[in-house]
$ cat model-v3.cif   # mmCIF, C-alpha atoms and all ligand atoms
data_data
#
loop_
_atom_site.label_atom_id
_atom_site.label_comp_id
_atom_site.auth_asym_id
_atom_site.auth_seq_id
_atom_site.Cartn_x
_atom_site.Cartn_y
_atom_site.Cartn_z
CA MET A 30 3.89 51.33 -157.11
CA SER A 31 3.82 49.37 -160.37
CA ARG A 32 0.40 48.75 -161.95
CA THR A 33 1.14 45.02 -161.85
CA ASP A 34 2.00 45.00 -158.16
CA LEU A 35 0.21 42.16 -156.35
CA THR A 36 1.18 42.92 -152.77
CA GLY A 37 -1.57 41.85 -150.39
CA ARG A 38 -3.22 39.50 -152.89
CA THR A 39 -3.46 35.76 -152.29
CA ALA A 40 -3.24 33.43 -155.29
CA ILE A 41 -3.87 29.75 -155.80
CA VAL A 42 -1.94 28.24 -158.70
CA THR A 43 -3.05 24.65 -159.21
CA GLY A 44 -0.47 22.21 -160.52
CA SER A 45 2.41 24.46 -159.53
CA ARG A 46 4.90 22.04 -158.10
CA ARG A 47 6.56 21.90 -161.54
CA GLY A 48 6.24 22.96 -165.19
CA ILE A 49 4.20 25.96 -166.32
CA GLY A 50 2.46 26.23 -162.94
CA ALA A 51 5.77 26.53 -161.07
CA ALA A 52 6.81 29.34 -163.42
CA ILE A 53 3.48 31.12 -162.82
CA ALA A 54 3.90 30.79 -159.04
CA ARG A 55 7.38 32.32 -159.35
CA GLU A 56 6.05 35.29 -161.38
CA LEU A 57 3.22 36.00 -158.95
CA LEU A 58 5.63 35.88 -156.01
CA ASP A 59 8.01 38.21 -157.82
CA HIS A 60 5.10 40.66 -158.13
CA GLY A 61 4.40 40.54 -154.39
CA ALA A 62 1.51 38.05 -154.06
CA THR A 63 1.20 35.29 -151.49
CA VAL A 64 0.95 32.02 -153.41
CA VAL A 65 -0.42 28.58 -152.61
CA VAL A 66 1.58 25.96 -154.51
CA CYS A 67 -0.20 22.72 -155.24
CA GLY A 68 0.26 19.24 -156.70
CA ARG A 69 -0.47 15.66 -155.68
CA SER A 70 3.11 14.78 -154.81
CA GLU A 71 3.84 15.72 -151.20
CA ALA A 72 7.61 15.63 -151.74
CA GLY A 73 7.30 17.61 -154.98
CA VAL A 74 5.21 20.33 -153.32
CA ALA A 75 7.56 20.52 -150.32
CA ASP A 76 10.57 20.85 -152.65
CA ARG A 77 8.96 23.64 -154.66
CA VAL A 78 7.89 25.53 -151.52
CA ARG A 79 11.47 25.31 -150.18
CA THR A 80 12.89 26.66 -153.44
CA LEU A 81 10.41 29.53 -153.75
CA ASP A 82 10.57 30.44 -150.08
CA THR A 83 14.24 31.41 -150.37
CA THR A 84 13.34 34.50 -152.43
CA ALA A 85 9.84 35.16 -151.06
CA PRO A 86 10.05 34.20 -147.39
CA GLY A 87 6.70 33.77 -145.65
CA ARG A 88 4.65 34.22 -148.84
CA VAL A 89 4.60 30.62 -150.11
CA ARG A 90 2.21 27.96 -148.81
CA GLY A 91 2.14 24.36 -149.98
CA CYS A 92 -0.79 22.01 -150.50
CA ALA A 93 -0.42 18.38 -151.51
CA ALA A 94 -3.85 17.28 -152.72
CA ASP A 95 -5.62 15.49 -155.55
CA LEU A 96 -7.99 18.20 -156.76
CA THR A 97 -10.29 15.70 -158.43
CA THR A 98 -11.48 14.81 -154.91
CA ALA A 99 -13.78 16.99 -152.79
CA HIS A 100 -11.43 16.49 -149.85
CA GLY A 101 -8.45 17.70 -151.91
CA ARG A 102 -10.26 20.85 -153.03
CA GLU A 103 -11.45 21.61 -149.48
CA HIS A 104 -7.90 21.18 -148.19
CA LEU A 105 -6.58 23.62 -150.82
CA LEU A 106 -9.21 26.24 -150.03
CA GLU A 107 -8.56 25.91 -146.30
CA ILE A 108 -4.84 26.53 -146.79
CA ALA A 109 -5.53 29.57 -148.98
CA ALA A 110 -8.15 30.97 -146.56
CA THR A 111 -8.90 33.89 -148.92
CA VAL A 112 -8.45 33.75 -152.70
CA ASP A 113 -8.07 36.90 -154.78
CA ILE A 114 -6.47 35.17 -157.75
CA LEU A 115 -7.16 31.66 -159.04
CA VAL A 116 -5.01 30.16 -161.77
CA ASN A 117 -6.40 26.80 -162.90
CA ASN A 118 -3.30 25.23 -164.39
CA ALA A 119 -3.34 21.58 -163.24
CA GLY A 120 -4.13 19.36 -166.18
CA GLY A 121 -2.82 17.23 -168.97
CA PHE A 122 -3.28 13.65 -170.09
CA THR A 123 -1.35 10.49 -169.40
CA ARG A 124 -1.90 8.50 -172.59
CA VAL A 125 -2.65 9.27 -176.23
CA MET A 126 -6.26 8.27 -176.98
CA ASP A 127 -8.14 8.84 -180.22
CA THR A 128 -11.93 9.01 -180.32
CA LEU A 129 -12.40 5.22 -180.53
CA SER A 130 -10.14 4.43 -177.57
CA PRO A 131 -11.36 5.70 -174.19
CA THR A 132 -13.75 3.91 -171.91
CA LEU A 133 -16.36 6.11 -170.25
CA ASP A 134 -14.23 6.18 -167.10
CA GLU A 135 -11.15 7.32 -169.04
CA TRP A 136 -13.18 10.04 -170.80
CA ASN A 137 -14.56 11.21 -167.43
CA ASP A 138 -11.05 11.22 -165.91
CA GLN A 139 -9.79 13.50 -168.70
CA LEU A 140 -12.71 15.87 -168.20
CA ALA A 141 -12.33 15.82 -164.41
CA VAL A 142 -8.90 17.39 -164.01
CA ASN A 143 -9.02 19.55 -167.15
CA LEU A 144 -12.55 20.99 -166.95
CA THR A 145 -14.58 19.94 -163.91
CA VAL A 146 -11.93 20.91 -161.33
CA PRO A 147 -11.52 24.43 -162.80
CA PHE A 148 -15.32 24.81 -162.77
CA LEU A 149 -15.64 23.63 -159.15
CA LEU A 150 -12.79 25.83 -157.91
CA CYS A 151 -14.30 28.86 -159.68
CA GLN A 152 -17.64 28.06 -158.06
CA ALA A 153 -15.94 27.90 -154.66
CA VAL A 154 -13.98 31.18 -154.87
CA LEU A 155 -16.40 33.39 -156.81
CA PRO A 156 -18.83 34.34 -154.00
CA THR A 157 -16.02 36.03 -152.03
CA MET A 158 -14.55 37.66 -155.13
CA ILE A 159 -17.95 39.09 -156.05
CA GLU A 160 -18.59 40.26 -152.50
CA GLN A 161 -15.25 42.05 -152.27
CA GLY A 162 -15.66 43.51 -155.79
CA TRP A 163 -12.31 42.22 -157.05
CA GLY A 164 -11.12 38.87 -158.34
CA ARG A 165 -9.02 37.33 -161.09
CA ILE A 166 -9.37 33.92 -162.74
CA VAL A 167 -7.03 32.54 -165.35
CA ASN A 168 -7.68 29.14 -166.87
CA ILE A 169 -4.78 27.46 -168.63
CA GLY A 170 -6.12 25.78 -171.76
CA SER A 171 -4.20 24.50 -174.75
CA ILE A 172 -3.61 25.16 -178.42
CA VAL A 173 -5.62 21.98 -179.07
CA ALA A 174 -8.79 23.90 -178.18
CA SER A 175 -8.66 25.46 -181.65
CA ALA A 176 -6.03 23.53 -183.64
CA PRO A 177 -6.36 19.73 -183.89
CA GLN A 178 -3.11 17.83 -183.47
CA LEU A 179 -2.60 14.10 -183.84
CA GLY A 180 -1.15 12.37 -180.78
CA ASN A 181 -3.56 13.77 -178.21
CA ALA A 182 -6.25 12.47 -175.88
CA ILE A 183 -9.75 13.15 -177.13
CA GLY A 184 -11.20 13.92 -173.68
CA TYR A 185 -8.35 16.35 -173.02
CA VAL A 186 -9.07 18.17 -176.28
CA ALA A 187 -12.80 18.34 -175.49
CA ALA A 188 -12.05 19.61 -171.98
CA LYS A 189 -9.68 22.34 -173.16
CA ALA A 190 -12.19 23.50 -175.79
CA GLY A 191 -14.88 23.45 -173.08
CA LEU A 192 -12.70 25.62 -170.87
CA VAL A 193 -12.88 28.40 -173.49
CA GLY A 194 -16.69 28.47 -173.60
CA PHE A 195 -16.95 28.13 -169.84
CA THR A 196 -14.50 30.99 -169.19
CA ARG A 197 -16.12 33.37 -171.68
CA GLN A 198 -19.57 32.76 -170.20
CA LEU A 199 -18.26 33.14 -166.65
CA ALA A 200 -16.46 36.36 -167.61
CA ALA A 201 -19.71 37.88 -168.88
CA GLU A 202 -21.58 36.83 -165.74
CA VAL A 203 -19.16 38.38 -163.24
CA ALA A 204 -17.81 41.41 -165.14
CA HIS A 205 -20.11 43.79 -163.25
CA ALA A 206 -18.49 42.76 -159.97
CA GLY A 207 -14.86 43.58 -160.75
CA VAL A 208 -13.97 39.96 -161.46
CA THR A 209 -12.17 39.00 -164.66
CA ALA A 210 -11.76 35.55 -166.22
CA ASN A 211 -9.48 34.71 -169.11
CA VAL A 212 -7.97 31.72 -170.87
CA VAL A 213 -4.31 31.34 -171.77
CA ASN A 214 -3.76 28.67 -174.41
CA PRO A 215 -0.12 27.50 -174.53
CA GLY A 216 1.33 25.89 -177.62
CA THR A 217 4.08 23.30 -177.21
CA ILE A 218 6.10 24.12 -174.10
CA GLY A 219 9.22 22.23 -173.06
CA THR A 220 8.15 21.04 -169.62
CA GLU A 221 9.17 17.82 -167.85
CA HIS A 222 5.78 16.43 -168.76
CA LEU A 223 6.35 17.11 -172.46
CA ARG A 224 9.82 15.59 -172.32
CA ASP A 225 8.43 12.42 -170.63
CA TYR A 226 5.78 12.26 -173.34
CA LEU A 227 8.40 12.55 -176.08
CA ALA A 228 10.57 9.90 -174.44
CA ALA A 229 7.62 7.50 -174.58
CA SER A 230 6.72 8.34 -178.19
CA ASP A 231 8.10 6.37 -181.12
CA ARG A 232 6.84 8.99 -183.64
CA MET A 233 7.62 12.40 -182.21
CA THR A 234 10.80 14.19 -181.19
CA GLU A 235 11.54 17.66 -179.89
CA GLN A 236 12.88 18.53 -183.35
CA SER A 237 9.75 17.32 -185.12
CA LEU A 238 7.56 19.38 -182.78
CA ALA A 239 9.78 22.45 -183.12
CA GLY A 240 9.53 22.10 -186.88
CA ARG A 241 5.79 22.86 -186.68
CA ILE A 242 6.41 26.13 -184.82
CA PRO A 243 7.27 29.24 -186.86
CA VAL A 244 9.57 30.53 -184.09
CA GLY A 245 11.50 27.26 -184.59
CA ARG A 246 11.65 25.98 -181.04
CA LEU A 247 9.49 24.86 -178.14
CA GLY A 248 8.20 27.50 -175.76
CA ARG A 249 9.53 27.93 -172.24
CA PRO A 250 7.34 27.86 -169.09
CA ALA A 251 8.48 31.41 -168.27
CA GLU A 252 7.12 32.57 -171.64
CA ILE A 253 3.61 31.55 -170.56
CA ALA A 254 4.04 32.72 -166.96
CA GLY A 255 5.27 36.18 -167.96
CA VAL A 256 1.81 37.39 -169.07
CA ILE A 257 -0.03 36.25 -165.95
CA PRO A 258 0.85 39.13 -163.55
CA TYR A 259 -0.60 41.64 -166.00
CA LEU A 260 -3.84 39.68 -166.41
CA VAL A 261 -4.32 39.28 -162.64
CA SER A 262 -3.32 42.79 -161.55
CA ASP A 263 -5.27 46.06 -161.49
CA ALA A 264 -3.71 46.79 -164.89
CA GLY A 265 -5.73 43.90 -166.38
CA ALA A 266 -9.13 45.15 -165.24
CA PHE A 267 -10.46 45.59 -168.81
CA ILE A 268 -9.16 42.23 -170.10
CA THR A 269 -11.87 39.68 -169.57
CA GLY A 270 -13.36 36.86 -171.61
CA ALA A 271 -10.15 36.88 -173.64
CA VAL A 272 -8.37 33.87 -175.09
CA LEU A 273 -4.66 34.46 -175.31
CA ASP A 274 -2.75 32.12 -177.63
CA ILE A 275 0.95 31.83 -176.81
CA ASN A 276 2.45 29.37 -179.25
CA GLY A 277 5.34 30.81 -181.24
CA GLY A 278 3.02 31.47 -184.18
CA ALA A 279 1.84 27.84 -184.46
CA ILE A 280 -1.77 28.85 -184.86
CA HIS A 281 -2.56 26.13 -187.40
CA ALA A 282 -0.06 23.52 -186.17
N1 LIG B 301 3.50 21.56 -171.78
C1 LIG B 301 2.80 21.85 -172.86
O1 LIG B 301 3.29 21.75 -174.00
C2 LIG B 301 1.37 22.31 -172.74
C3 LIG B 301 0.71 22.68 -173.91
C4 LIG B 301 -0.61 23.12 -173.84
C5 LIG B 301 -1.24 23.18 -172.62
N2 LIG B 301 -0.57 22.81 -171.48
C6 LIG B 301 -1.32 22.89 -170.22
O2 LIG B 301 -0.57 23.60 -169.26
C7 LIG B 301 -0.82 23.07 -167.96
C8 LIG B 301 0.49 22.69 -167.31
O3 LIG B 301 1.19 21.78 -168.14
P1 LIG B 301 2.66 21.24 -167.80
O4 LIG B 301 3.24 20.76 -169.07
O5 LIG B 301 3.37 22.23 -166.95
O6 LIG B 301 2.26 19.94 -166.95
P2 LIG B 301 3.04 19.12 -165.83
O7 LIG B 301 4.51 19.41 -165.86
O8 LIG B 301 2.58 17.71 -165.93
O9 LIG B 301 2.44 19.75 -164.52
C9 LIG B 301 1.13 19.48 -164.16
C10 LIG B 301 0.95 19.93 -162.73
O10 LIG B 301 -0.37 19.62 -162.31
C11 LIG B 301 -0.34 18.84 -161.12
N3 LIG B 301 -1.51 17.97 -161.15
C12 LIG B 301 -1.88 17.11 -162.14
N4 LIG B 301 -3.02 16.48 -161.80
C13 LIG B 301 -3.39 16.97 -160.58
C14 LIG B 301 -4.47 16.71 -159.69
N5 LIG B 301 -5.42 15.80 -159.98
N6 LIG B 301 -4.53 17.38 -158.52
C15 LIG B 301 -3.58 18.28 -158.19
N7 LIG B 301 -2.52 18.57 -158.99
C16 LIG B 301 -2.43 17.91 -160.17
C17 LIG B 301 1.02 18.16 -161.16
O11 LIG B 301 1.53 17.82 -159.89
P3 LIG B 301 1.53 16.26 -159.38
O12 LIG B 301 2.18 15.45 -160.45
O13 LIG B 301 2.28 16.32 -158.09
O14 LIG B 301 0.08 15.95 -159.21
C18 LIG B 301 1.90 19.25 -161.77
O15 LIG B 301 2.31 20.16 -160.78
C19 LIG B 301 -1.78 21.91 -168.14
O16 LIG B 301 -3.10 22.32 -167.94
C20 LIG B 301 -1.57 21.53 -169.61
O17 LIG B 301 -2.71 20.92 -170.17
C21 LIG B 301 0.71 22.38 -171.51
#
$ encode --input "model-v3.cif" --output "structure tokens"
Amino acid sequence: MSRTDLTGRTAIVTGSRRGIGAAIARELLDHGATVVVCGRSEAGVADRVRTLDTTAPGRVRGCAADLTTAHGREHLLEIAATVDILVNNAGGFTRVMDTLSPTLDEWNDQLAVNLTVPFLLCQAVLPTMIEQGWGRIVNIGSIVASAPQLGNAIGYVAAKAGLVGFTRQLAAEVAHAGVTANVVNPGTIGTEHLRDYLAASDRMTEQSLAGRIPVGRLGRPAEIAGVIPYLVSDAGAFITGAVLDINGGAIHA
């Protein structure tokens, strides 16, 4: 059996009906896990479950829910029943906002999906992970946590930076119990979301973004997803409190 085999483990991947999350769900399924796929769009979740189920029959469950609501989180946890692996991937921002722009509600909205939801889901799954002496948490952050970039949303940046401190502290607290927690910070990845964002921008293009990346192109969702099975398997037992930057060398973009 491979050291990254995940047979018998159940994983939640939030925000996995498309983009980086969908690629992570695919990787975890390929390594034998049962995966709960989630997003707000019912049709989008159903579509993704249908696609994934063709190669992993019986190991994909879908959950359409807004995770910023208590009801949505409860629904997700009910569908999962047990959670060995939690990947907090849902996140992003809908509009560029510099520091002077957001209202308090807009600031709180950016923090909610990008920081508060990961915290609340960790709080919900940790007691069982600690009790069973095994658990894996991966929080998907962003390059903006350490490298400022114009054309962002200030609450999003604050939330992603907060995710690093939160994850490191959590990792230290639960290390004794066989539970690991890590952050993966993607650079610029060519997802549908990014392409929508570029289509709406009058200043940025795919070429201009690629020009800031030493590798010379945008990343692919599979290039983020590929590291996740290692982190969440037995092989990753000694990797905790780590922040993994995957950005084509664009450390100071
Ligand atoms: N793409 C990049 O260049 C990049 C760079 C750095 C970091 N990241 C981070 O990587 C993660 C994934 O990014 P992506 O580009 O793949 O984004 P994406 O294509 O927009 O996907 C986001 C996913 O999250 C779900 N989602 C959003 N809000 C939700 C909510 N309140 N409740 C439940 N599900 C929700 C979406 O589904 P619904 O639309 O159905 O809700 C979708 O499945 C995010 O955390 C993002 O901040 C991305």
$ residues_around --input "model-v3.cif" --residues "Arg47 of chain A" --least-positions-apart "5" --cutoff "9 Å" --atoms "all atoms listed in the file" --output "PyMOL selection string"
chain A and resi 52+68+73-74+77+220-221
$ closest_residue --input "model-v3.cif" --among "A:Ile49, A:Gly255, A:Ala54, A:Leu144" --to "Ala187 of chain A" --atoms "only C-alpha atoms"
A:Leu144
$ residues_near_ligand --input "model-v3.cif" --ligand "ligand LIG 301 (chain B)" --cutoff "8 Å" --atoms "only C-alpha atoms and all ligand atoms" --output "JSON, numbers by chain"
{"A": [43, 44, 45, 46, 47, 48, 49, 50, 51, 67, 68, 69, 70, 71, 73, 74, 93, 94, 95, 96, 97, 98, 101, 117, 118, 119, 120, 121, 122, 142, 143, 169, 170, 171, 172, 173, 185, 189, 214, 215, 216, 217, 218, 219, 220, 221, 222, 223, 248, 250]}
$ closest_atom_pairs --input "model-v3.cif" --of "segment 139-237 of chain A" --to "segment 268-274 of chain A" --cutoff "8 Å" --atoms "all atoms listed in the file" --output "JSON lines"
{"residue": "A:Ile172", "atom": "CA", "partner": "A:Asp274", "partner_atom": "CA", "distance": 7.1}
{"residue": "A:Val193", "atom": "CA", "partner": "A:Val272", "partner_atom": "CA", "distance": 7.3}
{"residue": "A:Thr196", "atom": "CA", "partner": "A:Gly270", "partner_atom": "CA", "distance": 6.5}
{"residue": "A:Arg197", "atom": "CA", "partner": "A:Gly270", "partner_atom": "CA", "distance": 4.5}
{"residue": "A:Gln198", "atom": "CA", "partner": "A:Gly270", "partner_atom": "CA", "distance": 7.6}
{"residue": "A:Leu199", "atom": "CA", "partner": "A:Gly270", "partner_atom": "CA", "distance": 7.9}
{"residue": "A:Ala200", "atom": "CA", "partner": "A:Gly270", "partner_atom": "CA", "distance": 5.1}
{"residue": "A:Ala201", "atom": "CA", "partner": "A:Gly270", "partner_atom": "CA", "distance": 7.0}
{"residue": "A:Ala204", "atom": "CA", "partner": "A:Thr269", "partner_atom": "CA", "distance": 7.6}
{"residue": "A:Thr209", "atom": "CA", "partner": "A:Thr269", "partner_atom": "CA", "distance": 5.0}
{"residue": "A:Ala210", "atom": "CA", "partner": "A:Thr269", "partner_atom": "CA", "distance": 5.3}
{"residue": "A:Asn211", "atom": "CA", "partner": "A:Ala271", "partner_atom": "CA", "distance": 5.1}
{"residue": "A:Val212", "atom": "CA", "partner": "A:Val272", "partner_atom": "CA", "distance": 4.8}
{"residue": "A:Val213", "atom": "CA", "partner": "A:Leu273", "partner_atom": "CA", "distance": 4.7}
{"residue": "A:Asn214", "atom": "CA", "partner": "A:Asp274", "partner_atom": "CA", "distance": 4.8}
{"residue": "A:Pro215", "atom": "CA", "partner": "A:Asp274", "partner_atom": "CA", "distance": 6.2}
{"residue": "A:Gly216", "atom": "CA", "partner": "A:Asp274", "partner_atom": "CA", "distance": 7.4}
$ closest_residue --input "model-v3.cif" --among "A:Asp113, A:Glu107, A:Asp59, A:Glu235" --to "Trp163 of chain A" --atoms "only C-alpha atoms"
A:Asp113
$ closest_residue --input "model-v3.cif" --among "A:Ile166, A:Arg55, A:Gly240, A:Gly61" --to "Thr36 of chain A" --atoms "all atoms listed in the file"
A:Gly61
$ atom_distance --input "model-v3.cif" --atom1 "atom CA of Gly184 of chain A" --atom2 "atom CA of Arg124 of chain A"
10.8 Å
$ closest_residue --input "model-v3.cif" --among "A:Ile53, A:Ile280, A:Val64, A:Leu238" --to "Val112 of chain A" --atoms "all atoms listed in the file"
A:Val64
